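Here is the file run-v4.cif (mmCIF, C-alpha atoms).
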```
data_target
#
loop_
_atom_site.group_PDB
_atom_site.id
_atom_site.type_symbol
_atom_site.label_atom_id
_atom_site.label_comp_id
_atom_site.auth_asym_id
_atom_site.auth_seq_id
_atom_site.Cartn_x
_atom_site.Cartn_y
_atom_site.Cartn_z
ATOM 1 C CA MET A 1 -19.583 80.635 153.825
ATOM 2 C CA PRO A 2 -22.948 78.898 154.384
ATOM 3 C CA ALA A 3 -23.905 79.215 158.038
ATOM 4 C CA GLU A 4 -23.779 75.477 158.759
ATOM 5 C CA PHE A 5 -20.722 74.621 156.629
ATOM 6 C CA ASP A 6 -17.522 73.683 158.499
ATOM 7 C CA PRO A 7 -14.190 71.888 157.849
ATOM 8 C CA ASP A 8 -15.685 68.525 158.799
ATOM 9 C CA ASP A 9 -18.289 68.991 156.065
ATOM 10 C CA ARG A 10 -15.502 69.602 153.539
ATOM 11 C CA SER A 11 -13.785 66.367 154.562
ATOM 12 C CA ARG A 12 -17.039 64.418 154.303
ATOM 13 C CA ILE A 13 -17.747 65.811 150.834
ATOM 14 C CA VAL A 14 -14.340 64.676 149.572
ATOM 15 C CA LYS A 15 -14.896 61.202 151.011
ATOM 16 C CA LEU A 16 -18.366 60.990 149.481
ATOM 17 C CA TYR A 17 -17.003 62.122 146.112
ATOM 18 C CA HIS A 18 -14.728 59.083 146.071
ATOM 19 C CA ALA A 19 -17.348 56.705 147.506
ATOM 20 C CA LEU A 20 -20.111 57.647 145.055
ATOM 21 C CA LYS A 21 -17.881 57.045 141.995
ATOM 22 C CA GLN A 22 -19.465 59.837 139.925
ATOM 23 C CA GLY A 23 -22.939 58.406 140.535
ATOM 24 C CA ASP A 24 -22.329 54.743 139.708
ATOM 25 C CA ASN A 25 -23.059 53.760 143.332
ATOM 26 C CA LEU A 26 -26.277 55.790 143.672
ATOM 27 C CA THR A 27 -29.936 54.849 143.802
ATOM 28 C CA GLN A 28 -32.701 57.446 143.626
ATOM 29 C CA ARG A 29 -33.435 56.846 147.300
ATOM 30 C CA ALA A 30 -29.795 57.490 148.219
ATOM 31 C CA MET A 31 -29.772 60.596 146.021
ATOM 32 C CA ASP A 32 -32.861 61.966 147.741
ATOM 33 C CA SER A 33 -31.185 61.379 151.111
ATOM 34 C CA LEU A 34 -28.138 63.387 149.989
ATOM 35 C CA VAL A 35 -30.381 66.274 148.942
ATOM 36 C CA SER A 36 -32.235 66.197 152.257
ATOM 37 C CA GLU A 37 -29.047 66.069 154.319
ATOM 38 C CA TRP A 38 -26.932 68.662 152.530
ATOM 39 C CA GLU A 39 -29.272 71.345 151.187
ATOM 40 C CA ALA A 40 -29.379 73.321 154.459
ATOM 41 C CA ARG A 41 -25.595 73.157 154.794
ATOM 42 C CA VAL A 42 -24.849 74.218 151.220
ATOM 43 C CA GLN A 43 -27.675 76.767 150.863
ATOM 44 C CA PRO A 44 -27.812 76.635 147.056
ATOM 45 C CA ASN A 45 -29.282 79.568 145.166
ATOM 46 C CA THR A 46 -32.591 79.448 143.313
ATOM 47 C CA LYS A 47 -31.078 78.406 139.984
ATOM 48 C CA GLU A 48 -29.062 75.603 141.564
ATOM 49 C CA ARG A 49 -32.233 74.283 143.242
ATOM 50 C CA SER A 50 -34.679 74.718 140.369
ATOM 51 C CA GLU A 51 -32.753 73.012 137.543
ATOM 52 C CA ASN A 52 -32.577 69.204 137.605
ATOM 53 C CA PHE A 53 -29.822 67.067 136.089
ATOM 54 C CA ALA A 54 -29.724 63.344 135.394
ATOM 55 C CA VAL A 55 -26.878 61.012 136.342
ATOM 56 C CA VAL A 56 -25.361 59.592 133.156
ATOM 57 C CA SER A 57 -23.005 56.803 132.161
ATOM 58 C CA PRO A 58 -19.612 57.705 130.621
ATOM 59 C CA ASN A 59 -21.184 57.678 127.128
ATOM 60 C CA GLY A 60 -23.892 60.148 128.160
ATOM 61 C CA THR A 61 -26.786 57.722 128.559
ATOM 62 C CA THR A 62 -29.066 58.732 131.425
ATOM 63 C CA THR A 63 -29.575 56.288 134.306
ATOM 64 C CA GLY A 64 -32.961 57.553 135.510
ATOM 65 C CA ILE A 65 -31.551 59.106 138.691
ATOM 66 C CA VAL A 66 -32.339 62.834 138.929
ATOM 67 C CA ALA A 67 -31.607 65.641 141.399
ATOM 68 C CA PRO A 68 -30.989 69.416 141.526
ATOM 69 C CA ARG A 69 -27.798 70.620 139.829
ATOM 70 C CA TRP A 70 -26.083 71.716 143.066
ATOM 71 C CA VAL A 71 -25.847 68.082 144.223
ATOM 72 C CA PHE A 72 -23.993 67.125 141.049
ATOM 73 C CA HIS A 73 -21.373 69.828 141.525
ATOM 74 C CA LEU A 74 -21.018 69.057 145.224
ATOM 75 C CA PHE A 75 -20.226 65.352 144.835
ATOM 76 C CA GLY A 76 -18.876 65.160 141.280
ATOM 77 C CA LEU A 77 -21.822 63.211 139.877
ATOM 78 C CA ARG A 78 -21.599 62.581 136.150
ATOM 79 C CA HIS A 79 -23.954 64.780 134.073
ATOM 80 C CA ARG A 80 -24.307 66.059 130.520
ATOM 81 C CA ALA A 81 -23.056 69.299 128.970
ATOM 82 C CA THR A 82 -22.524 70.678 125.506
ATOM 83 C CA GLU A 83 -20.022 72.941 123.776
ATOM 84 C CA ILE A 84 -20.824 74.593 120.440
ATOM 85 C CA ALA A 85 -17.907 75.575 118.198
ATOM 86 C CA LEU A 86 -18.698 78.287 115.661
ATOM 87 C CA ARG A 87 -16.690 79.955 112.926
ATOM 88 C CA THR A 88 -17.285 82.577 110.253
ATOM 89 C CA GLU A 89 -17.430 81.900 106.509
ATOM 90 C CA THR A 90 -13.915 83.351 106.271
ATOM 91 C CA GLY A 91 -12.584 80.755 108.718
ATOM 92 C CA LEU A 92 -12.296 82.806 111.896
ATOM 93 C CA ILE A 93 -13.008 80.877 115.111
ATOM 94 C CA VAL A 94 -15.784 82.438 117.209
ATOM 95 C CA LEU A 95 -15.123 82.449 120.954
ATOM 96 C CA GLN A 96 -17.094 84.070 123.748
ATOM 97 C CA ARG A 97 -15.879 86.293 126.562
ATOM 98 C CA ARG A 98 -17.625 85.144 129.728
ATOM 99 C CA SER A 99 -19.415 87.757 131.791
ATOM 100 C CA PRO A 100 -17.536 89.214 134.789
ATOM 101 C CA THR A 101 -20.557 88.334 136.956
ATOM 102 C CA VAL A 102 -20.611 84.551 136.409
ATOM 103 C CA GLN A 103 -19.239 82.422 139.236
ATOM 104 C CA ASP A 104 -17.036 80.115 137.156
ATOM 105 C CA TRP A 105 -14.205 81.576 135.058
ATOM 106 C CA PRO A 106 -15.456 85.206 134.949
ATOM 107 C CA ASN A 107 -14.072 87.268 132.033
ATOM 108 C CA ALA A 108 -12.394 84.178 130.567
ATOM 109 C CA PRO A 109 -12.456 83.190 126.899
ATOM 110 C CA ASP A 110 -14.653 80.150 126.243
ATOM 111 C CA MET A 111 -16.218 78.222 123.394
ATOM 112 C CA ALA A 112 -18.819 80.209 121.446
ATOM 113 C CA VAL A 113 -21.584 78.506 123.423
ATOM 114 C CA ALA A 114 -21.289 76.251 126.466
ATOM 115 C CA GLY A 115 -23.706 74.920 129.034
ATOM 116 C CA HIS A 116 -25.299 72.083 130.945
ATOM 117 C CA ILE A 117 -28.104 69.885 129.668
ATOM 118 C CA PRO A 118 -30.878 69.720 132.274
ATOM 119 C CA GLN A 119 -33.973 67.573 132.322
ATOM 120 C CA ASN A 120 -37.036 68.895 130.508
ATOM 121 C CA PRO A 121 -39.623 70.653 132.713
ATOM 122 C CA ASP A 122 -41.808 67.527 132.538
ATOM 123 C CA GLY A 123 -38.928 65.392 133.865
ATOM 124 C CA SER A 124 -38.095 63.696 130.568
ATOM 125 C CA ASP A 125 -34.578 63.548 129.122
ATOM 126 C CA MET A 126 -33.339 66.400 126.975
ATOM 127 C CA THR A 127 -31.067 65.212 124.148
ATOM 128 C CA PHE A 128 -27.595 66.613 123.562
ATOM 129 C CA LEU A 129 -28.849 68.350 120.408
ATOM 130 C CA GLU A 130 -31.889 69.822 122.140
ATOM 131 C CA GLY A 131 -29.628 71.061 124.917
ATOM 132 C CA ALA A 132 -27.250 72.597 122.389
ATOM 133 C CA TRP A 133 -30.026 74.607 120.768
ATOM 134 C CA LYS A 134 -31.333 75.647 124.183
ATOM 135 C CA GLU A 135 -27.899 77.060 125.031
ATOM 136 C CA MET A 136 -27.554 78.683 121.599
ATOM 137 C CA GLU A 137 -30.754 80.649 122.154
ATOM 138 C CA GLU A 138 -29.994 81.544 125.783
ATOM 139 C CA GLU A 139 -26.375 82.614 125.315
ATOM 140 C CA ILE A 140 -26.163 84.135 121.812
ATOM 141 C CA GLY A 141 -29.801 84.559 120.794
ATOM 142 C CA LEU A 142 -29.968 82.081 117.875
ATOM 143 C CA SER A 143 -32.970 79.762 117.792
ATOM 144 C CA PHE A 144 -33.478 76.424 116.065
ATOM 145 C CA GLU A 145 -36.014 78.101 113.758
ATOM 146 C CA GLU A 146 -33.258 80.407 112.468
ATOM 147 C CA ALA A 147 -30.849 77.594 111.529
ATOM 148 C CA LYS A 148 -31.519 77.752 107.776
ATOM 149 C CA THR A 149 -30.553 81.401 107.538
ATOM 150 C CA SER A 150 -28.041 81.632 110.384
ATOM 151 C CA LEU A 151 -25.881 78.556 109.727
ATOM 152 C CA VAL A 152 -24.214 77.618 106.441
ATOM 153 C CA GLU A 153 -24.836 73.932 107.133
ATOM 154 C CA GLU A 154 -28.399 74.716 108.330
ATOM 155 C CA GLU A 155 -27.784 72.481 111.359
ATOM 156 C CA LEU A 156 -25.370 71.664 114.172
ATOM 157 C CA THR A 157 -22.883 68.885 113.377
ATOM 158 C CA PRO A 158 -21.572 66.570 116.135
ATOM 159 C CA VAL A 159 -17.785 66.626 116.555
ATOM 160 C CA GLY A 160 -16.800 63.095 117.572
ATOM 161 C CA LEU A 161 -18.459 61.266 120.440
ATOM 162 C CA PRO A 162 -19.266 62.590 123.928
ATOM 163 C CA TYR A 163 -16.191 62.768 126.146
ATOM 164 C CA LEU A 164 -15.644 62.865 129.909
ATOM 165 C CA SER A 165 -14.145 65.858 131.739
ATOM 166 C CA LEU A 166 -13.407 66.615 135.388
ATOM 167 C CA ASP A 167 -12.742 69.926 137.145
ATOM 168 C CA VAL A 168 -12.038 70.042 140.876
ATOM 169 C CA VAL A 169 -11.700 73.072 143.190
ATOM 170 C CA ILE A 170 -11.513 71.634 146.702
ATOM 171 C CA GLU A 171 -10.690 75.030 148.222
ATOM 172 C CA ARG A 172 -14.035 76.505 147.185
ATOM 173 C CA THR A 173 -16.829 76.708 149.768
ATOM 174 C CA PRO A 174 -18.457 74.330 149.273
ATOM 175 C CA PRO A 175 -15.928 72.245 147.261
ATOM 176 C CA PHE A 176 -16.572 72.017 143.509
ATOM 177 C CA PHE A 177 -16.431 68.660 141.701
ATOM 178 C CA ASN A 178 -17.670 69.020 138.121
ATOM 179 C CA THR A 179 -17.832 65.734 136.185
ATOM 180 C CA GLU A 180 -19.318 66.282 132.735
ATOM 181 C CA VAL A 181 -19.971 64.143 129.688
ATOM 182 C CA ARG A 182 -19.659 66.754 126.944
ATOM 183 C CA GLN A 183 -20.805 66.633 123.340
ATOM 184 C CA ILE A 184 -19.259 69.174 120.970
ATOM 185 C CA PHE A 185 -21.262 70.508 118.029
ATOM 186 C CA ALA A 186 -19.953 72.662 115.184
ATOM 187 C CA ALA A 187 -21.404 75.072 112.633
ATOM 188 C CA THR A 188 -20.454 77.978 110.375
ATOM 189 C CA LEU A 189 -22.266 81.276 110.843
ATOM 190 C CA THR A 190 -23.649 83.056 107.799
ATOM 191 C CA ALA A 191 -23.259 86.833 107.634
ATOM 192 C CA GLN A 192 -26.903 87.082 108.665
ATOM 193 C CA GLY A 193 -26.335 84.733 111.559
ATOM 194 C CA LEU A 194 -23.320 86.708 112.765
ATOM 195 C CA SER A 195 -25.344 89.941 112.663
ATOM 196 C CA ARG A 196 -28.090 88.369 114.786
ATOM 197 C CA LEU A 197 -25.865 87.461 117.737
ATOM 198 C CA ARG A 198 -26.902 88.957 121.067
ATOM 199 C CA PHE A 199 -26.492 87.970 124.714
ATOM 200 C CA PRO A 200 -29.952 87.680 126.310
ATOM 201 C CA ASP A 201 -28.965 85.834 129.502
ATOM 202 C CA ASN A 202 -25.991 88.119 130.301
ATOM 203 C CA GLU A 203 -23.629 85.155 130.744
ATOM 204 C CA VAL A 204 -21.601 86.359 127.738
ATOM 205 C CA SER A 205 -20.063 89.818 127.623
ATOM 206 C CA GLY A 206 -18.729 89.722 124.059
ATOM 207 C CA LEU A 207 -17.159 87.717 121.240
ATOM 208 C CA LEU A 208 -13.616 87.083 120.041
ATOM 209 C CA LEU A 209 -12.954 86.284 116.372
ATOM 210 C CA VAL A 210 -9.543 84.620 116.012
ATOM 211 C CA SER A 211 -7.574 82.644 113.468
ATOM 212 C CA TRP A 212 -6.997 78.885 113.769
ATOM 213 C CA GLU A 213 -3.391 79.573 114.809
ATOM 214 C CA THR A 214 -4.394 82.164 117.426
ATOM 215 C CA ALA A 215 -7.007 79.791 118.809
ATOM 216 C CA TRP A 216 -4.273 77.199 119.392
ATOM 217 C CA SER A 217 -2.060 79.787 121.081
ATOM 218 C CA LEU A 218 -4.832 80.762 123.510
ATOM 219 C CA LEU A 219 -4.757 77.234 124.909
ATOM 220 C CA GLY A 220 -1.409 78.085 126.488
ATOM 221 C CA SER A 221 -3.043 80.720 128.692
ATOM 222 C CA ALA A 222 -4.013 79.915 132.268
ATOM 223 C CA ASP A 223 -6.990 82.279 132.111
ATOM 224 C CA ILE A 224 -9.388 80.339 129.883
ATOM 225 C CA ALA A 225 -12.548 78.471 130.765
ATOM 226 C CA SER A 226 -12.344 74.749 131.412
ATOM 227 C CA GLY A 227 -14.707 73.899 128.571
ATOM 228 C CA MET A 228 -12.492 75.682 126.082
ATOM 229 C CA ARG A 229 -9.375 73.920 127.338
ATOM 230 C CA TYR A 230 -11.021 70.544 126.821
ATOM 231 C CA SER A 231 -13.119 71.173 123.707
ATOM 232 C CA LEU A 232 -11.224 73.676 121.558
ATOM 233 C CA PRO A 233 -8.300 71.345 120.676
ATOM 234 C CA ARG A 234 -10.788 68.612 119.742
ATOM 235 C CA TYR A 235 -12.592 71.034 117.447
ATOM 236 C CA LEU A 236 -9.422 72.438 115.874
ATOM 237 C CA ASP A 237 -8.131 68.906 115.221
ATOM 238 C CA TRP A 238 -11.496 67.978 113.710
ATOM 239 C CA LEU A 239 -11.313 70.943 111.321
ATOM 240 C CA ALA A 240 -7.839 69.875 110.190
ATOM 241 C CA GLN A 241 -8.668 66.172 109.907
ATOM 242 C CA THR A 242 -11.846 66.822 107.884
ATOM 243 C CA GLY A 243 -10.082 69.222 105.509
ATOM 244 C CA GLN A 244 -12.122 72.252 106.541
ATOM 245 C CA LEU A 245 -9.269 74.701 107.170
ATOM 246 C CA LEU A 246 -9.394 77.665 104.800
ATOM 247 C CA GLU A 247 -6.183 78.648 103.043
#
```
Since I need it in another form, could you write the structure as structure tokens?
Amino acid sequence: MPAEFDPDDRSRIVKLYHALKQGDNLTQRAMDSLVSEWEARVQPNTKERSENFAVVSPNGTTTGIVAPRWVFHLFGLRHRATEIALRTETGLIVLQRRSPTVQDWPNAPDMAVAGHIPQNPDGSDMTFLEGAWKEMEEEIGLSFEEAKTSLVEEELTPVGLPYLSLDVVIERTPPFFNTEVRQIFAATLTAQGLSRLRFPDNEVSGLLLVSWETAWSLLGSADIASGMRYSLPRYLDWLAQTGQLLE
């Protein structure tokens, strides 16, 4: 537990989560005050301090209010994320096995690629698509420059519109309120693309290749990542509705 974190802090965080309304009631000045007040109590790690997120509306449009990622997870402020659904040319769904060393859902099955969309280093907004390719390269080693040979479609295809998700773990120290506006993208890996997959950031320990039916059955398990629980049924429905299931 952080040295200055106590039960009263937990109660205040829950109250602030409700008062801030996922960021709708925040100005940049108020955000900066939250950072100043809570950073010493929470003691976020280097990654949580160094990566900035933007508050977004429910459709994913940024509001111009920016802060380190730890603040967003502490108070449930709305921010952007992406999930990339991949499959093989034979129709198998590609899922990842999360590393045992990650904090959230270690060892759990997840979408092939999943991650947050931070601000660019210069402070400008990163698009959903730019964020998707950033995560593709970091998690499975595929770059945008390799799209023509790695993906059958030669690009990532949006699956529906961005949607809102919420995960809450009040018992964690500090409490965890994760409010994301997620955009799903889809693509089919070529044989060359499948052979190129690697895990440079060590957040993925391996891959699972499963049928459409098995993918649905995995959703009944309690031990899957939140992103998969939200995004996989949307993707599987999209495949069926667009006539892309292979016989």
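Candidate residues A:Ala186, A:Leu164, A:Ile224, A:Val210 were compared for distance to Gln244 of chain A, and the nearest is A:Ala186, using all atoms listed in the file.
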Hits of the PyMOL selection byres ((chain A and resi 172-184) around 8) in this structure, as JSON, numbers by chain: {"A": [1, 2, 5, 10, 13, 17, 22, 42, 56, 58, 59, 60, 72, 73, 74, 75, 76, 77, 78, 79, 80, 81, 82, 83, 84, 85, 128, 158, 159, 160, 161, 162, 163, 164, 165, 166, 167, 168, 169, 170, 171, 185, 186, 231, 235]}
First collect every listed atom of segment 147-153 of chain A; then fit an axis-aligned box around them, widen it by 3 Å on each side, and give centre and edge lengths in Å to one decimal, as lines of an AutoDock Vina configuration file.
```
center_x = -27.9
center_y = 77.8
center_z = 109.0
size_x = 13.3
size_y = 13.7
size_z = 11.1
```
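Computed from the coordinates, the atom CA of Arg196 of chain A to atom CA of Leu142 of chain A distance equals 7.3 Å.
Note that the spacing between atom CA of His116 of chain A and atom CA of Val66 of chain A amounts to 14.1 Å.
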Distance of atom CA of Thr188 of chain A from atom CA of Arg87 of chain A, expressed in Å to one decimal place: 5.0 Å
Result set, the PyMOL selection byres ((chain A and resi 119) around 12) on current file, as a ChimeraX atom specification: /A:50-56,62,64-69,79-81,116-118,120-128,130-131,134
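Considering all atoms listed in the file, the residue among A:Glu89, A:Asp8, A:Glu213, A:Glu137 positioned nearest to Ala112 of chain A is A:Glu137.
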Contacts of Arg229 of chain A within 12 Å, only C-alpha atoms, excl. fewer than 5 positions in-chain, as an MDAnalysis selection string: chainID A and resid 83 105 108:111 165:167 215:224 234:236
Prev. selection, C-alpha atoms, output as a PDB file, in the frame of the given file:
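What ended up in out.pdb:
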```pdb
ATOM      1  CA  GLU A  83     -20.022  72.941 123.776  1.00  0.00           C
ATOM      2  CA  TRP A 105     -14.205  81.576 135.058  1.00  0.00           C
ATOM      3  CA  ALA A 108     -12.394  84.178 130.567  1.00  0.00           C
ATOM      4  CA  PRO A 109     -12.456  83.190 126.899  1.00  0.00           C
ATOM      5  CA  ASP A 110     -14.653  80.150 126.243  1.00  0.00           C
ATOM      6  CA  MET A 111     -16.218  78.222 123.394  1.00  0.00           C
ATOM      7  CA  SER A 165     -14.145  65.858 131.739  1.00  0.00           C
ATOM      8  CA  LEU A 166     -13.407  66.615 135.388  1.00  0.00           C
ATOM      9  CA  ASP A 167     -12.742  69.926 137.145  1.00  0.00           C
ATOM     10  CA  ALA A 215      -7.007  79.791 118.809  1.00  0.00           C
ATOM     11  CA  TRP A 216      -4.273  77.199 119.392  1.00  0.00           C
ATOM     12  CA  SER A 217      -2.060  79.787 121.081  1.00  0.00           C
ATOM     13  CA  LEU A 218      -4.832  80.762 123.510  1.00  0.00           C
ATOM     14  CA  LEU A 219      -4.757  77.234 124.909  1.00  0.00           C
ATOM     15  CA  GLY A 220      -1.409  78.085 126.488  1.00  0.00           C
ATOM     16  CA  SER A 221      -3.043  80.720 128.692  1.00  0.00           C
ATOM     17  CA  ALA A 222      -4.013  79.915 132.268  1.00  0.00           C
ATOM     18  CA  ASP A 223      -6.990  82.279 132.111  1.00  0.00           C
ATOM     19  CA  ILE A 224      -9.388  80.339 129.883  1.00  0.00           C
ATOM     20  CA  ARG A 234     -10.788  68.612 119.742  1.00  0.00           C
ATOM     21  CA  TYR A 235     -12.592  71.034 117.447  1.00  0.00           C
ATOM     22  CA  LEU A 236      -9.422  72.438 115.874  1.00  0.00           C
TER      23      LEU A 236
END
```
Residues matched by the PyMOL selection byres ((chain A and resi 147) around 12), written as a short mmCIF file (atom, residue, chain, number, x, y, z; two decimals) with C-alpha atoms, keeping the file's coordinate frame:
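Written out: part28.cif:
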```cif
data_model
loop_
_atom_site.label_atom_id
_atom_site.label_comp_id
_atom_site.auth_asym_id
_atom_site.auth_seq_id
_atom_site.Cartn_x
_atom_site.Cartn_y
_atom_site.Cartn_z
CA TRP A 133 -30.03 74.61 120.77
CA MET A 136 -27.55 78.68 121.60
CA GLU A 137 -30.75 80.65 122.15
CA GLY A 141 -29.80 84.56 120.79
CA LEU A 142 -29.97 82.08 117.88
CA SER A 143 -32.97 79.76 117.79
CA PHE A 144 -33.48 76.42 116.06
CA GLU A 145 -36.01 78.10 113.76
CA GLU A 146 -33.26 80.41 112.47
CA LYS A 148 -31.52 77.75 107.78
CA THR A 149 -30.55 81.40 107.54
CA SER A 150 -28.04 81.63 110.38
CA LEU A 151 -25.88 78.56 109.73
CA VAL A 152 -24.21 77.62 106.44
CA GLU A 153 -24.84 73.93 107.13
CA GLU A 154 -28.40 74.72 108.33
CA GLU A 155 -27.78 72.48 111.36
CA LEU A 156 -25.37 71.66 114.17
CA THR A 157 -22.88 68.89 113.38
CA ALA A 187 -21.40 75.07 112.63
CA THR A 188 -20.45 77.98 110.38
CA LEU A 189 -22.27 81.28 110.84
CA THR A 190 -23.65 83.06 107.80
CA GLN A 192 -26.90 87.08 108.66
CA GLY A 193 -26.34 84.73 111.56
CA LEU A 194 -23.32 86.71 112.76
CA ARG A 196 -28.09 88.37 114.79
#
```
Using all atoms listed in the file, can you tell me which of A:Gln96, A:Gln241, A:Asn107, A:Asn202 comes closest to Met228 of chain A? A:Gln96
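The smallest atom-to-atom distance between Arg98 of chain A and any of A:Gly23, A:Pro44, A:Gly243, A:Gly115, using all atoms listed in the file, is found for A:Gly115.
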Residues within 10 Å of Arg198 of chain A, all atoms listed in the file, excluding chain neighbours under 5 positions, as a ChimeraX atom specification: /A:137-142,204-207
